[in-house]
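Below is one structure; the comments refer to it alone.
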Amino acid sequence: MTTDKVLDKLKKIQAHAESAAKIGNEAEAQAFAEMLQRMLTAHKLEMTDLEFEVMEKTEPVVRKGVDYQDVGHKKSRVAWRENLASMIARAHFCRILVTPGSSRITLVGKANDIAVAEFMIVTLTRAADGITKSEHQKYCWEVYKRDGNCSAARGFKESFMTAFLSRLQQRFADLRREIVNTSTALVRVNTADKAVDEYLKNSDVKKASGLARMEAHNGEGYRRGVAKANSMDLTGKAVGGGQAAKQLR
């Protein structure tokens with residue numbers, strides 16, 4: 001599959017997502033997460049050795065700022081956004097650069113890898129924010145009915161998001177190991193990752209000292225965050241996702 005075909009398939013998937021009731025809702029994120037990662041990884045693994053070698057030599061590593069569209073930017077670093085973007089970037093053969101004093105994020109990778117990673121980052125940023133707010137509101141109401149105040153809900157959102165993203169990261173890693181199950185596949189994936197790492201090592205960009213730290217202080221928030229991440233359907237079957245995948249092949 002050529003790079004142009006990969007990008008064309010991505011556009012079809014994106015068009016399907018945007019035709020749904022609301023782009024970025026939880027079910028939508030579930031429907032497309034694995035589909036996109038499998039598509040990109042399969043693209044690298046299905047090429048012949050010669051095609052893969054030509055791609056590695058002719059497609060340069062580039063940088064592109066993430067267009068968060070209506071999500072917008074903030075005038076400070078946002079820990080959970082950085083962690084989510086880094087997780088998705090690595091799952092799709094990219095890395096991120098952060099801007100001090102801003103929530104802006106730049107992707108580093110090959111053009112087709114960046115295109116898929118950017119779409120997933122924006123989609124899951126919307127979804128993660130909406131899920132966390134919904135779960136926080138639900139828990140606050142439970143606490144208020146029980147205690148007459150919401151003091152027990154302090155730190156819930158931060159703890160929920162920390163656990164949610166940590167567990168999703170584990171699941172993305174497990175998914176990659178499932179897909180990359182031969183020595184040839186492992187060599188190609190490592191080669192793709194190494195190209196980006198070498199670019200960063202030899203470029204003049206100043207990497208951030210590290211991702212902003214996320215902490216958890218609310219046990220119930222952490223427990224529910226793990227549970228929600230475990231419940232996310234990464235099989236591409238939600239909202240007709242499985243059928244959409246077949247139609248786009």
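For the structure tokens, the naming scheme is as follows: chains receive sequential letters (A, B, ...) according to their order of presentation, residues are indexed from 1 within each chain, and ligands are indexed from 1 in presentation order.
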
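Non-sequential neighbours of Ser76 (chain A) (distance at most 6 Å, separation of 2 or more positions within a chain, only C-alpha atoms) are Lys74, Gly101, Ser102 and Ser103 of chain A.
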
Store the residues picked out above, limited to N, CA and C atoms, as a PDB file, in the first residue's frame.
ATOM      1  N   LYS A  74      -4.001  26.272  25.270  1.00  0.00           N
ATOM      2  CA  LYS A  74      -3.979  26.995  26.536  1.00  0.00           C
ATOM      3  C   LYS A  74      -2.614  27.640  26.716  1.00  0.00           C
ATOM      4  N   GLY A 101       5.427  26.896  28.341  1.00  0.00           N
ATOM      5  CA  GLY A 101       4.431  27.931  28.559  1.00  0.00           C
ATOM      6  C   GLY A 101       3.240  27.858  27.627  1.00  0.00           C
ATOM      7  N   SER A 102       2.993  26.679  27.048  1.00  0.00           N
ATOM      8  CA  SER A 102       1.877  26.536  26.110  1.00  0.00           C
ATOM      9  C   SER A 102       1.469  25.067  26.047  1.00  0.00           C
ATOM     10  N   SER A 103       0.219  24.840  25.626  1.00  0.00           N
ATOM     11  CA  SER A 103      -0.241  23.460  25.439  1.00  0.00           C
ATOM     12  C   SER A 103       0.017  22.970  24.014  1.00  0.00           C
TER      13      SER A 103
END

Within 7 Å of region 164-181 of chain A, counting only C-alpha atoms, which residues show up once you throw out same-chain ones fewer than 6 positions away? Write them as a PDB file with N, CA and C atoms, in the first residue's frame, please.
ATOM      1  N   LEU A  84      -1.195  12.034  26.795  1.00  0.00           N
ATOM      2  CA  LEU A  84      -2.023  11.380  25.785  1.00  0.00           C
ATOM      3  C   LEU A  84      -1.361  11.475  24.409  1.00  0.00           C
ATOM      4  N   MET A  87       1.695   9.178  24.167  1.00  0.00           N
ATOM      5  CA  MET A  87       1.273   7.782  24.074  1.00  0.00           C
ATOM      6  C   MET A  87       0.842   7.437  22.651  1.00  0.00           C
ATOM      7  N   ALA A  91       2.739   5.100  19.655  1.00  0.00           N
ATOM      8  CA  ALA A  91       2.005   3.966  19.084  1.00  0.00           C
ATOM      9  C   ALA A  91       1.972   4.043  17.557  1.00  0.00           C
ATOM     10  N   GLY A 225     -10.994   5.339  36.756  1.00  0.00           N
ATOM     11  CA  GLY A 225     -10.233   5.614  35.541  1.00  0.00           C
ATOM     12  C   GLY A 225      -9.710   4.341  34.905  1.00  0.00           C
ATOM     13  N   VAL A 226      -9.191   3.432  35.734  1.00  0.00           N
ATOM     14  CA  VAL A 226      -8.719   2.139  35.241  1.00  0.00           C
ATOM     15  C   VAL A 226      -9.882   1.345  34.639  1.00  0.00           C
ATOM     16  N   LYS A 228     -12.681   2.442  33.387  1.00  0.00           N
ATOM     17  CA  LYS A 228     -13.153   3.031  32.126  1.00  0.00           C
ATOM     18  C   LYS A 228     -12.213   2.679  30.985  1.00  0.00           C
ATOM     19  N   ALA A 229     -10.908   2.731  31.226  1.00  0.00           N
ATOM     20  CA  ALA A 229      -9.943   2.377  30.187  1.00  0.00           C
ATOM     21  C   ALA A 229     -10.077   0.909  29.801  1.00  0.00           C
TER      22      ALA A 229
END

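Residue nearest Lys194 (chain A), chosen from A:Arg63, A:Lys157, A:Arg81, A:Arg90 and counting only C-alpha atoms: A:Arg90.
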
Selection near Glu158 (chain A), 8 Å with only C-alpha atoms, sequence-local residues under 3 positions removed, as number ranges by chain: A: 155, 161-162, 214-217, 221

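Closest approach to Glu118 (chain A) among A:Asp67, A:Glu59, A:Asp197, A:Glu135: A:Asp67, based on only C-alpha atoms.
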
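The residue that comes closest to Ala227 (chain A), out of A:Phe93, A:Phe160, A:Tyr199, A:Trp80 and on the basis of only C-alpha atoms, is A:Phe160.
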
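Between CA of Ala127 (chain A) and CA of Cys150 (chain A) there is a distance of 24.6 Å.
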
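Each of A:Asp129, A:Glu56, A:Asp113, A:Glu220 was compared to Ile88 (chain A) using only C-alpha atoms, and A:Asp113 turns out to be the nearest.
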
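Among the candidates A:Met55, A:Val61, A:Val189, A:Val66, the residue lying nearest to Ile121 (chain A) is A:Val66 (atoms considered: only C-alpha atoms).
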
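Nearest residue to Lys64 (chain A), choosing from A:Leu107, A:Leu186, A:Val78, A:Val122 and counting only C-alpha atoms: A:Leu107.
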
Which of region 65-203 of chain A fall in strand (DSSP E), as a list in words: Gly65, Arg95, Ile96, Leu97, Val98, Ile105, Thr106, Leu107, Val108, Gly109 and Lys110 of chain A

Residues flagged alpha helix (DSSP H) by DSSP in region 67-127 of chain A, as a ChimeraX atom specification: /A:79-91,111-127

The selected residues should be written to file as a compact mmCIF listing (two decimals), in the first residue's frame (atoms: C-alpha atoms).
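Saved to result-v3.txt:
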# COMPACT_ATOMS: atom_id res chain seq x y z
CA ALA A 79 -0.09 17.38 31.68
CA TRP A 80 -2.81 15.02 30.51
CA ARG A 81 -2.75 16.34 26.94
CA GLU A 82 1.01 15.85 26.75
CA ASN A 83 0.81 12.33 28.12
CA LEU A 84 -2.02 11.38 25.78
CA ALA A 85 -0.24 12.86 22.75
CA SER A 86 3.02 11.11 23.63
CA MET A 87 1.27 7.78 24.07
CA ILE A 88 -0.50 8.01 20.72
CA ALA A 89 2.57 9.37 18.91
CA ARG A 90 4.72 6.44 20.04
CA ALA A 91 2.00 3.97 19.08
CA ALA A 111 4.20 12.36 6.92
CA ASN A 112 1.76 9.45 6.75
CA ASP A 113 2.52 8.43 10.34
CA ILE A 114 1.95 12.00 11.52
CA ALA A 115 -1.36 12.22 9.65
CA VAL A 116 -2.76 9.19 11.48
CA ALA A 117 -1.28 10.17 14.86
CA GLU A 118 -2.65 13.71 14.61
CA PHE A 119 -6.16 12.48 13.86
CA MET A 120 -6.05 10.07 16.80
CA ILE A 121 -4.65 12.72 19.17
CA VAL A 122 -7.41 15.20 18.37
CA THR A 123 -10.16 12.57 18.51
CA LEU A 124 -9.00 11.02 21.79
CA THR A 125 -8.28 14.41 23.37
CA ARG A 126 -11.92 15.34 22.84
CA ALA A 127 -13.05 11.94 24.07
